[in-house]
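To keep things clear, I will list the structure first and then write my remarks on it.
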Amino acid sequence: MKQNYDNPLRRQCFDLVRLAPAQFDLAREALLGLEPEKRLAHIRRVIVTGCGDSYLAAAEAREVFKHYLRGTGCRMEAVRAIEAARYLPLDENASDTLLIAISASGGPARIAEILQRGKRHGCLTMALTNNGASRAGTTADLAYVTNTPEFPDRMPGLRSYLASMMGLFVLAAVLGEVKSGKTGLCDELRAELEAYNGRFAAALDQMDDSAYAAACTMKDSKGFEVCADGPLFSCGEFISAKYAEVSGDKCTVVDSENFWHVNSIMMPQNAYGTIDYVVSDERNCERMAQTISGQVEKLGRKVLVVADKPAAELGVTAPVMECILPVPAPQFRFLLPLYAFVPGSLVAGYHTALIEEPYFRGGGKFFDPSINTLGTNEIRVL
Amino acid sequence: MDKQNYYNTIGLQVESLFELAPVQVEKCFDEKKLSALLPLPEAAALKRLIVAGCGDSYSAAGAMAPVIRRLAGVSCASPDPMELCSFYTDEDILDGCRAEEVLVVAISASGGSVRIVEMLERARAAGVRSMLITNNPESKGAKAAQLVYCVETPELCNTPGLRSYFASLTALAALGSYIGGCKGVTEPAAARQAILDYVAACQPCYEAIDDAMFELAGSWKDLEKFEIVGDESEFFSAQFVEEKFIECASVHASHADSEDWCHINFFLREPEKIGTIFHVNASAPDLDRIAESVRVSVAIGRPTLVVTDADCAFAEGAAVCRLPKAPENAPWALLMMDHAPGSLLAAYCAARAGKLFFSNRYDFRTRTWKM
């Protein structure tokens, strides 16, 4: 029975209904406290980075920044932490650049390094964090603190992921106002979020049932795979990260084209529990439907389709498990990442409960400070 | 155990690279060919390239994108095929440039896939020029492209793709340095020579590397999960080796960068069952970070291999496959060969485990497909 397999990841997912609008308001309050109209008016380049989930939050914010910065001459790029730290070319005096490093804890060495590097190059640096007193928070010029409400289940990161994304979404809207001179963008975003949150809330029980059923069906999978295209690819990477953290299972992520060039060859062909993401009105829908059908018909895989419509309406010709995920209208489609990761995360959480695996392998050597040196590895500022 | 009994089409292709390199360089760094495709004023006016492909070609695009940026002095994006075809808007393609300043380059040896044609048509719809890098100038892709840059790779087995990957890397280096030459920021002859010199430098150590990978496959052949780790360009040479592991041994394989590997992949269950390979460029600005990630991999119990041209020590317990050092003025030349050890290992793992390639459908001994 599903109730017997309630788990921390699931509880975090269910809290998102309450958290999302609250986090928006907290982020806006925090950001306005940093005087963006004064501090950010000169910014023309926004670089956003982070480690692990935090990088994915940055990647998922690309579309919202594009939306609000269109026509302003200001651009945003999401960059992997190691690239921001050591590879990304930065001008000697990049004073028109806002460099944002995301870290809920504010602890990783790489995050501190990135912020120090940004300062060395004359960037305006910002830590997007839940811990203003952390190394990141105190290194950056600006500490944009999410003030995420406490919750009994903090690990693995999921609410913090939403908080990071929300912080970025609010920043995008506020920066859009600052750069364009328009007003009301943030209010409009808040209203759209409220509406979408309501639709998400109404669908959550169905998602939960679907996820539990899928987890039961896929329980004996050799491994997992998420197939997703475009902006949903980063959602796939987040789900993959949750599998690694909670159940310790390997979960690959692949787009619907490269699936057939490479990943479909993995053996046994039917051994990989597969989660496919698709939105019916997007241009890849036909290719995804073909891929999904082939995964079942040619490879014999067990497949969960996460989509805004039943699989048959997408053109899928094979029997699949289904999870309906409401999606925003096209002009606000950039809100989708705020919740898209929930179905896959629910599956990962149930799977872990079913196989009775401790999160993060129960600690032990995985948290031995001589082995896990995320906070202590050497900083070199280039 | 006689290595010859496990001779396979990856080994055959890697061996052939030493003979292929001068031919491929000649066919690609052909100024007449390139200037006919992109006359100097047009090449000099370029500000943005989008380079894309499927499978191995996507890996080649990603590996060479940073190199093109440096050689050609242009911005260079390498989206995955679905991102380019279904999600890139005209705004994304242009990215603030005028249409004549942008070139979309699709890579496909065969030129035949639907997605490749779609990439080229996407470019046309956005009003920008399109180029196909291919070995088949008669393909559907070639007909869809405005410009066809034929690599003229001599015939030889290419299953799984490896010679074609090498050809794509060479073509992209040639294209990037040609554009850079037209802009006056690069000397194409230097890039050309770097490839020739580096591949030639690798030839004397090939046999020892092949022996080492065969040996390592003895203990790795029963592993069913693999991770290949690399940063920047090596993130994509790691992806290529991931592809070879899947194609040869049909295992569950993926790639990651050295920082995020420590944050996420590090936590996978049963680390002793996950073969982990690090691609390390001696000139990498994060050599220290990668070396630390190698140490962590060994400490957590992963079977670990480092493929590198660096001469520094790595954590005890890691197997190290050393390639000759890439030239100081062209550290990217490592990419021409750093895929070889991992590919050899992938093939030997499959062969020693009694598997055929491609889900047991391709007999690498007879070079035939089982129906």
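By order in the structure tokens, chains are A, B, ...; within a chain, residues start at 1; ligands start at 1, following the order shown.
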
Members of segment 25-61 of chain B assigned strand (DSSP E or B) by DSSP, as a ChimeraX atom specification: /B:48-53

File dump, residues just selected, all heavy atoms, as a CSV table (one decimal), in the first residue's frame:
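The resulting file, again.csv, is reproduced below:
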chain,number,residue,atom,x,y,z
B,48,ARG,N,29.5,33.7,-35.3
B,48,ARG,CA,28.8,32.7,-34.5
B,48,ARG,C,28.7,31.4,-35.3
B,48,ARG,O,28.3,31.4,-36.5
B,48,ARG,CB,27.5,33.1,-34.1
B,48,ARG,CG,26.6,32.1,-33.3
B,48,ARG,CD,25.4,32.7,-32.6
B,48,ARG,NE,24.5,31.8,-32.1
B,48,ARG,CZ,24.6,31.1,-31.0
B,48,ARG,NH1,25.7,31.2,-30.3
B,48,ARG,NH2,23.6,30.3,-30.6
B,49,LEU,N,29.1,30.3,-34.7
B,49,LEU,CA,28.9,29.0,-35.3
B,49,LEU,C,28.0,28.2,-34.3
B,49,LEU,O,28.1,28.3,-33.1
B,49,LEU,CB,30.2,28.2,-35.5
B,49,LEU,CG,30.9,28.2,-36.9
B,49,LEU,CD1,31.2,29.6,-37.3
B,49,LEU,CD2,32.1,27.4,-36.9
B,50,ILE,N,27.1,27.4,-34.9
B,50,ILE,CA,26.4,26.4,-34.2
B,50,ILE,C,26.8,25.1,-34.8
B,50,ILE,O,26.6,24.9,-36.0
B,50,ILE,CB,24.9,26.6,-34.3
B,50,ILE,CG1,24.5,28.0,-33.7
B,50,ILE,CG2,24.1,25.5,-33.5
B,50,ILE,CD1,23.1,28.4,-33.9
B,51,VAL,N,27.3,24.2,-34.0
B,51,VAL,CA,27.8,22.9,-34.5
B,51,VAL,C,27.1,21.8,-33.8
B,51,VAL,O,26.9,21.8,-32.6
B,51,VAL,CB,29.4,22.8,-34.2
B,51,VAL,CG1,29.9,21.6,-34.9
B,51,VAL,CG2,30.1,24.0,-34.6
B,52,ALA,N,26.5,20.9,-34.6
B,52,ALA,CA,25.6,19.9,-34.1
B,52,ALA,C,25.7,18.6,-34.8
B,52,ALA,O,26.1,18.6,-36.0
B,52,ALA,CB,24.2,20.4,-34.0
B,53,GLY,N,25.3,17.5,-34.2
B,53,GLY,CA,25.2,16.2,-34.8
B,53,GLY,C,24.6,15.3,-33.9
B,53,GLY,O,24.1,15.6,-32.8

Interface, chain A side, toward chain B (7 Å; only C-alpha atoms) as a VMD selection string: chain A and resid 51 to 52 82 to 83 86 to 87 229 to 230 241 244 to 245 248 to 250 252 255 257 to 258 261 to 263 265 to 267 283 to 284 360 to 361 366 371

Top pick for closest residue to Gly73 of chain A, considering A:Arg11, A:Lys302, A:His42, A:Arg120 and counting only C-alpha atoms: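 Closest to Gly73 of chain A of all the choices is A:His42.
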
Members of segment 61-110 of chain B assigned helix (DSSP H, G or I) by DSSP, as a list in words: Ala61, Gly62, Ala63, Met64, Ala65, Pro66, Val67, Ile68, Arg69, Arg70, Leu71, Ala72, Pro81, Met82, Glu83, Leu84, Cys85, Ser86, Phe87, Asp90, Glu91, Asp92, Ile93, Leu94, Ala99, Glu100 and Glu101 of chain B

Can you write out the residues you just picked, keeping C-alpha atoms, as a PDB file, in the first residue's frame?
ATOM      1  CA  ALA B  61      30.837  19.060 -31.899  1.00  0.00           C
ATOM      2  CA  GLY B  62      30.960  19.466 -28.136  1.00  0.00           C
ATOM      3  CA  ALA B  63      34.633  18.573 -27.884  1.00  0.00           C
ATOM      4  CA  MET B  64      35.640  21.053 -30.544  1.00  0.00           C
ATOM      5  CA  ALA B  65      33.308  23.949 -29.667  1.00  0.00           C
ATOM      6  CA  PRO B  66      35.772  25.510 -27.171  1.00  0.00           C
ATOM      7  CA  VAL B  67      38.603  24.905 -29.665  1.00  0.00           C
ATOM      8  CA  ILE B  68      36.682  26.657 -32.441  1.00  0.00           C
ATOM      9  CA  ARG B  69      36.047  29.598 -30.145  1.00  0.00           C
ATOM     10  CA  ARG B  70      39.745  29.978 -29.554  1.00  0.00           C
ATOM     11  CA  LEU B  71      40.920  29.245 -33.103  1.00  0.00           C
ATOM     12  CA  ALA B  72      38.270  31.228 -34.939  1.00  0.00           C
ATOM     13  CA  PRO B  81      20.083  17.522 -31.927  1.00  0.00           C
ATOM     14  CA  MET B  82      16.603  17.853 -30.446  1.00  0.00           C
ATOM     15  CA  GLU B  83      17.438  21.137 -28.803  1.00  0.00           C
ATOM     16  CA  LEU B  84      18.541  22.591 -32.115  1.00  0.00           C
ATOM     17  CA  CYS B  85      15.740  21.149 -34.195  1.00  0.00           C
ATOM     18  CA  SER B  86      12.782  21.572 -31.864  1.00  0.00           C
ATOM     19  CA  PHE B  87      13.638  24.236 -29.313  1.00  0.00           C
ATOM     20  CA  ASP B  90      15.508  32.134 -34.526  1.00  0.00           C
ATOM     21  CA  GLU B  91      16.616  34.362 -31.667  1.00  0.00           C
ATOM     22  CA  ASP B  92      18.674  31.513 -30.230  1.00  0.00           C
ATOM     23  CA  ILE B  93      20.250  30.770 -33.591  1.00  0.00           C
ATOM     24  CA  LEU B  94      21.175  34.402 -34.248  1.00  0.00           C
ATOM     25  CA  ALA B  99      22.132  36.330 -40.425  1.00  0.00           C
ATOM     26  CA  GLU B 100      25.272  36.536 -42.572  1.00  0.00           C
ATOM     27  CA  GLU B 101      27.385  36.362 -39.405  1.00  0.00           C
TER      28      GLU B 101
END

Atom CA of Ala319 of chain B to atom CA of Asp338 of chain B, distance in Å rounded to a single decimal: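 Separation between atom CA of Ala319 of chain B and atom CA of Asp338 of chain B: 15.2 Å.
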
Counting only C-alpha atoms, the option among A:Arg18, A:Arg44, A:Arg380, A:Lys219 closest to Thr352 of chain A: A:Lys219

Exercise: Leu344 of chain B partners within 7 Å, only C-alpha atoms, chain neighbours under 2 positions left out, as a list in words: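 Neighbouring residues, sequence-local ones excluded: Ile10, Gly11, Asp210, Met213, Ala340, Pro341, Gly342, Ala346, Ala347 and Tyr348 of chain B.
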
Tell me, as a PDB file with C-alpha atoms, in the first residue's frame, which residues lie within 12 Å of Thr308 of chain B, counting only C-alpha atoms; anything in the same chain fewer than 2 positions away does not count.
ATOM      1  CA  ILE B 209      48.505   1.314 -24.477  1.00  0.00           C
ATOM      2  CA  VAL B 229      34.652  12.129 -16.348  1.00  0.00           C
ATOM      3  CA  GLY B 230      36.102  15.136 -18.127  1.00  0.00           C
ATOM      4  CA  GLU B 234      37.153  16.500 -22.323  1.00  0.00           C
ATOM      5  CA  ILE B 277      37.593   6.818 -16.264  1.00  0.00           C
ATOM      6  CA  PHE B 278      38.980  10.346 -16.041  1.00  0.00           C
ATOM      7  CA  HIS B 279      40.106  12.249 -19.148  1.00  0.00           C
ATOM      8  CA  VAL B 280      42.758  14.719 -18.018  1.00  0.00           C
ATOM      9  CA  ASN B 281      44.450  17.333 -20.168  1.00  0.00           C
ATOM     10  CA  ALA B 282      47.845  18.338 -18.788  1.00  0.00           C
ATOM     11  CA  SER B 283      47.082  21.952 -19.669  1.00  0.00           C
ATOM     12  CA  ALA B 284      43.733  21.953 -17.895  1.00  0.00           C
ATOM     13  CA  LEU B 287      44.197  19.851 -13.107  1.00  0.00           C
ATOM     14  CA  ILE B 290      40.498  16.652 -11.403  1.00  0.00           C
ATOM     15  CA  ALA B 291      43.377  15.030  -9.526  1.00  0.00           C
ATOM     16  CA  VAL B 294      40.548  10.921  -9.015  1.00  0.00           C
ATOM     17  CA  LEU B 305      41.543   4.739 -14.837  1.00  0.00           C
ATOM     18  CA  VAL B 306      43.120   8.065 -15.728  1.00  0.00           C
ATOM     19  CA  ALA B 310      50.061  14.934 -17.794  1.00  0.00           C
ATOM     20  CA  ASP B 311      53.185  13.547 -16.169  1.00  0.00           C
ATOM     21  CA  CYS B 312      52.103  14.267 -12.607  1.00  0.00           C
ATOM     22  CA  ALA B 313      51.272  11.479 -10.196  1.00  0.00           C
ATOM     23  CA  PHE B 314      47.692  10.474  -9.488  1.00  0.00           C
ATOM     24  CA  ALA B 319      45.469   2.910 -13.286  1.00  0.00           C
ATOM     25  CA  VAL B 320      47.080   5.585 -15.446  1.00  0.00           C
ATOM     26  CA  CYS B 321      47.285   5.527 -19.208  1.00  0.00           C
ATOM     27  CA  ARG B 322      49.749   8.161 -20.318  1.00  0.00           C
ATOM     28  CA  LEU B 323      49.643   9.672 -23.748  1.00  0.00           C
ATOM     29  CA  PRO B 324      52.407  11.906 -25.061  1.00  0.00           C
ATOM     30  CA  LYS B 325      52.077  15.519 -23.996  1.00  0.00           C
ATOM     31  CA  ALA B 326      50.051  17.619 -26.415  1.00  0.00           C
ATOM     32  CA  PRO B 331      46.840  21.490 -26.041  1.00  0.00           C
ATOM     33  CA  LEU B 334      45.043  15.736 -27.126  1.00  0.00           C
ATOM     34  CA  LEU B 335      41.422  15.352 -28.259  1.00  0.00           C
ATOM     35  CA  MET B 337      43.767  10.656 -29.424  1.00  0.00           C
ATOM     36  CA  ASP B 338      42.411  10.791 -25.866  1.00  0.00           C
ATOM     37  CA  HIS B 339      39.333   8.833 -26.915  1.00  0.00           C
ATOM     38  CA  ALA B 340      41.474   5.880 -27.992  1.00  0.00           C
ATOM     39  CA  PRO B 341      42.390   4.232 -24.670  1.00  0.00           C
ATOM     40  CA  GLY B 342      38.830   4.274 -23.352  1.00  0.00           C
TER      41      GLY B 342
END

Separation of atom CA of Met1 of chain B from atom CA of Leu156 of chain B, in Å and rounded to one decimal: 27.8 Å

Segment 21-32 of chain A environment, 12 Å, only C-alpha atoms, sequence neighbours closer than 4 positions dropped, as a PyMOL selection string: chain A and resi 15-17+36-40+126-130+132+142-150+159-175+178+186-187+189-198+201+338

Shell around Leu20 of chain B at 12 Å using only C-alpha atoms, local window under 5 positions removed, as JSON, numbers by chain: {"B": [12, 13, 14, 15, 25, 26, 27, 28, 151, 152, 153, 154, 155, 156, 162, 163, 164, 166, 167, 170, 195, 196, 199, 200, 203, 336]}

Distance in Å - atom CA of Ala60 of chain B versus atom CA of Tyr178 of chain B: 17.8 Å

Selected residue, from A:Ala203, A:Leu299, A:Leu99, A:Ala58, that lies nearest to Asn270 of chain A when counting only C-alpha atoms: A:Leu299
